[in-house]
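Visitor: Dumping the structure here so I can ask a few things about it.
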Amino acid sequence: MKQLITLALFLLTFTAFAQKPCDYSVNVNDSIGSYKATNEYLMSEKYFGGNFDYIFFSLAQTDGLPTLNLQSIQKSKDFIKANCFDKNSKIFLQLENGKIVTLMHIDQENCGTLIRDDKGFNNRINTGIFMFMKDNYEELKKSPVSIMRVKYLTNIEDYIVKRELTSELNGKVTHPNTYFMENIRCVE
């Protein structure tokens, strides 16, 4: 009887800590090198006064170098000012254990693209690629994220990272605060 209980506890523990498989939107190996990127993941969604603001993350690995791709999508009937990324742009992630992880933007200026849709909305799409620092990369595996700060060329935006986020865009439920804990292994 003890063996049966021990076996049952072992199986429950094993299934509780089993990791889900990595889902990639791109996974290429050729003579030039290798590149793989995870699917985009909704990290933040704001809706206020007819203005929409979405932040998506995806992790990528280029020839063994892990990076974070941030995509910002803003939607409004009014003009949307540009939040540009440059070589001094950074992402600061405050973890629940009190530590702060800094990611540095690559040396490439990008102010995004402004597109007007058929419903009269202005849409600004901006993408930035950020590199992990070696000294605090391991911390992302250990603790959930509580606050994210994005430093643009001329502006700083703060985001509260939620434990659970139900998207108004597609109704999908995500868990942004544990994004790195669950997915960083996909680009190691």
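Following the order of the structure tokens, first chain is A, next is B, and so on, with residues numbered from 1 inside each chain and ligands from 1 in the order they appear.
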If you take only C-alpha atoms and a cut-off of 9 Å, which residues of segment 112-136 of chain A touch segment 76-90 of chain A, and what are their nearest atom pairs and distances in Å to one decimal, in chain and number order, as a Markdown table?
Guide:
```
| residue | atom | partner | partner_atom | distance |
| --- | --- | --- | --- | --- |
| A:Gly112 | CA | A:Cys84 | CA | 7.1 |
| A:Thr113 | CA | A:Ala82 | CA | 8.7 |
| A:Leu114 | CA | A:Ile80 | CA | 8.1 |
| A:Gly120 | CA | A:Lys77 | CA | 6.4 |
| A:Phe121 | CA | A:Lys77 | CA | 4.6 |
| A:Asn122 | CA | A:Ser76 | CA | 5.3 |
| A:Asn123 | CA | A:Ser76 | CA | 6.7 |
| A:Arg124 | CA | A:Ile80 | CA | 6.9 |
| A:Asn126 | CA | A:Cys84 | CA | 7.9 |
| A:Thr127 | CA | A:Phe85 | CA | 8.3 |
| A:Gly128 | CA | A:Phe85 | CA | 6.6 |
| A:Phe130 | CA | A:Lys90 | CA | 7.5 |
```
Visitor: Skipping near chain neighbours, those fewer than 6 positions away, what residues fall within 8 Å of Asp53 of chain A using only C-alpha atoms, listed as number ranges by chain?
Guide: A: 44-47, 72-75
Visitor: Can you write just those residues out, all heavy atoms, as a PDB file, in the first residue's frame?
Guide:
```
ATOM      1  N   SER A  44       0.686  42.898 -22.367  1.00  0.00           N
ATOM      2  CA  SER A  44      -0.056  44.032 -21.822  1.00  0.00           C
ATOM      3  C   SER A  44      -1.110  44.461 -22.827  1.00  0.00           C
ATOM      4  O   SER A  44      -0.887  44.433 -24.031  1.00  0.00           O
ATOM      5  CB  SER A  44       0.896  45.199 -21.536  1.00  0.00           C
ATOM      6  OG  SER A  44       0.177  46.328 -21.084  1.00  0.00           O
ATOM      7  N   GLU A  45      -2.243  44.875 -22.277  1.00  0.00           N
ATOM      8  CA  GLU A  45      -3.338  45.365 -23.106  1.00  0.00           C
ATOM      9  C   GLU A  45      -4.014  46.499 -22.359  1.00  0.00           C
ATOM     10  O   GLU A  45      -4.412  46.329 -21.207  1.00  0.00           O
ATOM     11  CB  GLU A  45      -4.318  44.222 -23.371  1.00  0.00           C
ATOM     12  CG  GLU A  45      -5.482  44.603 -24.245  1.00  0.00           C
ATOM     13  CD  GLU A  45      -6.410  43.426 -24.489  1.00  0.00           C
ATOM     14  OE1 GLU A  45      -7.094  43.004 -23.536  1.00  0.00           O
ATOM     15  OE2 GLU A  45      -6.438  42.939 -25.616  1.00  0.00           O
ATOM     16  N   LYS A  46      -4.090  47.662 -22.998  1.00  0.00           N
ATOM     17  CA  LYS A  46      -4.756  48.815 -22.397  1.00  0.00           C
ATOM     18  C   LYS A  46      -5.820  49.305 -23.366  1.00  0.00           C
ATOM     19  O   LYS A  46      -5.587  49.378 -24.572  1.00  0.00           O
ATOM     20  CB  LYS A  46      -3.776  49.966 -22.168  1.00  0.00           C
ATOM     21  CG  LYS A  46      -2.742  49.754 -21.115  1.00  0.00           C
ATOM     22  CD  LYS A  46      -1.940  51.039 -20.965  1.00  0.00           C
ATOM     23  CE  LYS A  46      -0.607  50.812 -20.349  1.00  0.00           C
ATOM     24  NZ  LYS A  46       0.201  52.032 -20.332  1.00  0.00           N
ATOM     25  N   TYR A  47      -6.957  49.654 -22.813  1.00  0.00           N
ATOM     26  CA  TYR A  47      -8.019  50.270 -23.589  1.00  0.00           C
ATOM     27  C   TYR A  47      -8.546  51.436 -22.775  1.00  0.00           C
ATOM     28  O   TYR A  47      -9.005  51.254 -21.642  1.00  0.00           O
ATOM     29  CB  TYR A  47      -9.141  49.276 -23.881  1.00  0.00           C
ATOM     30  CG  TYR A  47     -10.331  49.908 -24.543  1.00  0.00           C
ATOM     31  CD1 TYR A  47     -10.261  50.365 -25.851  1.00  0.00           C
ATOM     32  CD2 TYR A  47     -11.520  50.082 -23.856  1.00  0.00           C
ATOM     33  CE1 TYR A  47     -11.344  50.971 -26.462  1.00  0.00           C
ATOM     34  CE2 TYR A  47     -12.617  50.683 -24.447  1.00  0.00           C
ATOM     35  CZ  TYR A  47     -12.520  51.124 -25.757  1.00  0.00           C
ATOM     36  OH  TYR A  47     -13.586  51.732 -26.342  1.00  0.00           O
ATOM     37  N   SER A  72       4.955  46.575 -30.237  1.00  0.00           N
ATOM     38  CA  SER A  72       3.968  47.491 -29.684  1.00  0.00           C
ATOM     39  C   SER A  72       2.983  47.839 -30.794  1.00  0.00           C
ATOM     40  O   SER A  72       3.383  48.224 -31.888  1.00  0.00           O
ATOM     41  CB  SER A  72       4.663  48.757 -29.183  1.00  0.00           C
ATOM     42  OG  SER A  72       3.724  49.751 -28.873  1.00  0.00           O
ATOM     43  N   ILE A  73       1.692  47.693 -30.492  1.00  0.00           N
ATOM     44  CA  ILE A  73       0.649  48.055 -31.445  1.00  0.00           C
ATOM     45  C   ILE A  73      -0.271  49.051 -30.752  1.00  0.00           C
ATOM     46  O   ILE A  73      -0.822  48.766 -29.693  1.00  0.00           O
ATOM     47  CB  ILE A  73      -0.153  46.828 -31.908  1.00  0.00           C
ATOM     48  CG1 ILE A  73       0.774  45.811 -32.572  1.00  0.00           C
ATOM     49  CG2 ILE A  73      -1.278  47.252 -32.860  1.00  0.00           C
ATOM     50  CD1 ILE A  73       0.104  44.498 -32.922  1.00  0.00           C
ATOM     51  N   GLN A  74      -0.398  50.227 -31.351  1.00  0.00           N
ATOM     52  CA  GLN A  74      -1.277  51.263 -30.828  1.00  0.00           C
ATOM     53  C   GLN A  74      -2.347  51.551 -31.874  1.00  0.00           C
ATOM     54  O   GLN A  74      -2.064  51.569 -33.073  1.00  0.00           O
ATOM     55  CB  GLN A  74      -0.497  52.539 -30.533  1.00  0.00           C
ATOM     56  CG  GLN A  74       0.547  52.357 -29.450  1.00  0.00           C
ATOM     57  CD  GLN A  74       1.433  53.577 -29.348  1.00  0.00           C
ATOM     58  OE1 GLN A  74       2.206  53.855 -30.242  1.00  0.00           O
ATOM     59  NE2 GLN A  74       1.302  54.299 -28.246  1.00  0.00           N
ATOM     60  N   LYS A  75      -3.567  51.787 -31.405  1.00  0.00           N
ATOM     61  CA  LYS A  75      -4.685  52.007 -32.300  1.00  0.00           C
ATOM     62  C   LYS A  75      -5.541  53.133 -31.741  1.00  0.00           C
ATOM     63  O   LYS A  75      -5.913  53.102 -30.570  1.00  0.00           O
ATOM     64  CB  LYS A  75      -5.495  50.715 -32.418  1.00  0.00           C
ATOM     65  CG  LYS A  75      -6.571  50.727 -33.434  1.00  0.00           C
ATOM     66  CD  LYS A  75      -7.177  49.337 -33.561  1.00  0.00           C
ATOM     67  CE  LYS A  75      -8.117  49.306 -34.731  1.00  0.00           C
ATOM     68  NZ  LYS A  75      -8.544  47.958 -35.064  1.00  0.00           N
TER      69      LYS A  75
END
```
Visitor: Run DSSP on the backbone and give me the residues of segment 41-164 of chain A it puts in helix (DSSP H, G or I), as a PyMOL selection string.
Guide: chain A and resi 139-142
Visitor: Would you output that residue set with N, CA and C atoms, as a PDB file, in the first residue's frame?
Guide:
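Contents of selection_5.pdb, as written:
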```pdb
ATOM      1  N   GLU A 139      18.073  35.135 -13.399  1.00  0.00           N
ATOM      2  CA  GLU A 139      17.025  35.582 -12.481  1.00  0.00           C
ATOM      3  C   GLU A 139      15.631  35.462 -13.099  1.00  0.00           C
ATOM      4  N   LEU A 140      15.534  35.600 -14.425  1.00  0.00           N
ATOM      5  CA  LEU A 140      14.236  35.516 -15.099  1.00  0.00           C
ATOM      6  C   LEU A 140      13.618  34.125 -14.992  1.00  0.00           C
ATOM      7  N   LYS A 141      14.449  33.110 -14.764  1.00  0.00           N
ATOM      8  CA  LYS A 141      13.956  31.740 -14.630  1.00  0.00           C
ATOM      9  C   LYS A 141      13.389  31.469 -13.242  1.00  0.00           C
ATOM     10  N   LYS A 142      13.748  32.315 -12.271  1.00  0.00           N
ATOM     11  CA  LYS A 142      13.448  32.035 -10.867  1.00  0.00           C
ATOM     12  C   LYS A 142      12.238  32.774 -10.310  1.00  0.00           C
TER      13      LYS A 142
END
```
Visitor: Need the shell around Val26 of chain A: protein/DNA/RNA residues with any atom at most 9 Å away, counting only C-alpha atoms. Skip same-chain ones fewer than 6 positions apart. Format as a PyMOL selection string?
Guide: chain A and resi 35-39+60
Visitor: Could you tell me how far atom CA of Glu168 of chain A lies from atom CA of Gly49 of chain A, in Å and to one decimal?
Guide: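 Atom CA of Glu168 of chain A sits 14.5 Å away from atom CA of Gly49 of chain A.
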Visitor: Considering only C-alpha atoms, can you say which of A:Ser25, A:Gln61, A:Ser146, A:Ser31 comes closest to Ile184 of chain A?
Guide: A:Gln61
Visitor: Could you name the residues that touch segment 97-101 of chain A at 9 Å or less, counting only C-alpha atoms, but leaving out those on the same chain fewer than 2 positions away, as a list in words?
Guide: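 Selected residues are Ile91, Phe92, Leu93, Gln94, Leu95, Leu103, Phe132, Met133, Asp135, Asn136, Tyr137, Glu139, Leu140, Lys142, Ser143, Pro144 and Val145 of chain A.
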Visitor: Kindly save the residues from that selection, with N, CA, C and O atoms included, as an mmCIF file, in the first residue's frame.
Guide:
```
data_model
loop_
_atom_site.group_PDB
_atom_site.id
_atom_site.type_symbol
_atom_site.label_atom_id
_atom_site.label_comp_id
_atom_site.auth_asym_id
_atom_site.auth_seq_id
_atom_site.Cartn_x
_atom_site.Cartn_y
_atom_site.Cartn_z
ATOM 1 N N ILE A 91 14.659 47.834 -21.605
ATOM 2 C CA ILE A 91 13.512 47.302 -20.879
ATOM 3 C C ILE A 91 14.016 46.945 -19.492
ATOM 4 O O ILE A 91 15.022 46.260 -19.350
ATOM 5 N N PHE A 92 13.318 47.440 -18.476
ATOM 6 C CA PHE A 92 13.620 47.099 -17.091
ATOM 7 C C PHE A 92 12.479 46.222 -16.582
ATOM 8 O O PHE A 92 11.309 46.608 -16.676
ATOM 9 N N LEU A 93 12.817 45.061 -16.066
ATOM 10 C CA LEU A 93 11.824 44.142 -15.518
ATOM 11 C C LEU A 93 12.057 44.015 -14.022
ATOM 12 O O LEU A 93 13.116 43.549 -13.598
ATOM 13 N N GLN A 94 11.094 44.461 -13.223
ATOM 14 C CA GLN A 94 11.206 44.277 -11.779
ATOM 15 C C GLN A 94 10.548 42.958 -11.433
ATOM 16 O O GLN A 94 9.391 42.722 -11.749
ATOM 17 N N LEU A 95 11.315 42.091 -10.793
ATOM 18 C CA LEU A 95 10.830 40.768 -10.437
ATOM 19 C C LEU A 95 10.172 40.797 -9.065
ATOM 20 O O LEU A 95 10.430 41.699 -8.259
ATOM 21 N N LEU A 103 17.348 44.796 -20.055
ATOM 22 C CA LEU A 103 17.599 44.317 -21.405
ATOM 23 C C LEU A 103 17.958 45.524 -22.264
ATOM 24 O O LEU A 103 17.299 46.571 -22.186
ATOM 25 N N PHE A 132 19.674 40.200 -23.729
ATOM 26 C CA PHE A 132 19.766 39.891 -22.300
ATOM 27 C C PHE A 132 21.186 40.160 -21.822
ATOM 28 O O PHE A 132 22.149 39.963 -22.559
ATOM 29 N N MET A 133 21.310 40.579 -20.577
ATOM 30 C CA MET A 133 22.619 40.758 -19.958
ATOM 31 C C MET A 133 22.979 39.451 -19.252
ATOM 32 O O MET A 133 22.123 38.831 -18.610
ATOM 33 N N ASP A 135 24.685 38.809 -16.570
ATOM 34 C CA ASP A 135 24.691 38.778 -15.101
ATOM 35 C C ASP A 135 23.314 38.578 -14.476
ATOM 36 O O ASP A 135 23.211 38.140 -13.338
ATOM 37 N N ASN A 136 22.232 38.878 -15.209
ATOM 38 C CA ASN A 136 20.923 38.721 -14.585
ATOM 39 C C ASN A 136 19.950 37.854 -15.397
ATOM 40 O O ASN A 136 18.782 37.777 -15.085
ATOM 41 N N TYR A 137 20.442 37.206 -16.404
ATOM 42 C CA TYR A 137 19.635 36.335 -17.262
ATOM 43 C C TYR A 137 18.998 35.205 -16.461
ATOM 44 O O TYR A 137 17.830 34.886 -16.638
ATOM 45 N N GLU A 139 18.073 35.135 -13.399
ATOM 46 C CA GLU A 139 17.025 35.582 -12.481
ATOM 47 C C GLU A 139 15.631 35.462 -13.099
ATOM 48 O O GLU A 139 14.647 35.252 -12.392
ATOM 49 N N LEU A 140 15.534 35.600 -14.425
ATOM 50 C CA LEU A 140 14.236 35.516 -15.099
ATOM 51 C C LEU A 140 13.618 34.125 -14.992
ATOM 52 O O LEU A 140 12.408 33.975 -15.112
ATOM 53 N N LYS A 142 13.748 32.315 -12.271
ATOM 54 C CA LYS A 142 13.448 32.035 -10.867
ATOM 55 C C LYS A 142 12.238 32.774 -10.310
ATOM 56 O O LYS A 142 11.629 32.300 -9.354
ATOM 57 N N SER A 143 11.926 33.932 -10.852
ATOM 58 C CA SER A 143 10.903 34.769 -10.222
ATOM 59 C C SER A 143 9.983 35.400 -11.266
ATOM 60 O O SER A 143 10.445 35.817 -12.333
ATOM 61 N N PRO A 144 8.697 35.523 -10.954
ATOM 62 C CA PRO A 144 7.765 36.206 -11.854
ATOM 63 C C PRO A 144 8.079 37.699 -11.957
ATOM 64 O O PRO A 144 8.685 38.285 -11.063
ATOM 65 N N VAL A 145 7.633 38.309 -13.045
ATOM 66 C CA VAL A 145 7.815 39.742 -13.280
ATOM 67 C C VAL A 145 6.614 40.480 -12.709
ATOM 68 O O VAL A 145 5.474 40.041 -12.855
#
```
Visitor: Suppose you want the space between atom CA of Ile55 of chain A and atom CA of Leu42 of chain A; what is it in Å?
Guide: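 Atom CA of Ile55 of chain A sits 6.1 Å away from atom CA of Leu42 of chain A.
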Visitor: Report, in Å with one decimal, the straight-line distance from atom CA of Leu65 of chain A to atom CA of Val187 of chain A.
Guide: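 That distance, rounded to one decimal, is 8.2 Å.
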Visitor: Restricting the calculation to only C-alpha atoms: of A:Arg163, A:Ser58, A:Asp117, A:Glu40, which residue gets closest to Thr178 of chain A?
Guide: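 Under the stated criterion, the closest residue is A:Arg163.
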Visitor: Using the chain letters and numbers from this document, which residues of segment 41-148 of chain A does DSSP assign to strand (DSSP E or B), as a PyMOL selection string?
Guide: chain A and resi 41-48+51-62+65-76+85+90-95+100-105+110+113-116+122-132+145-148
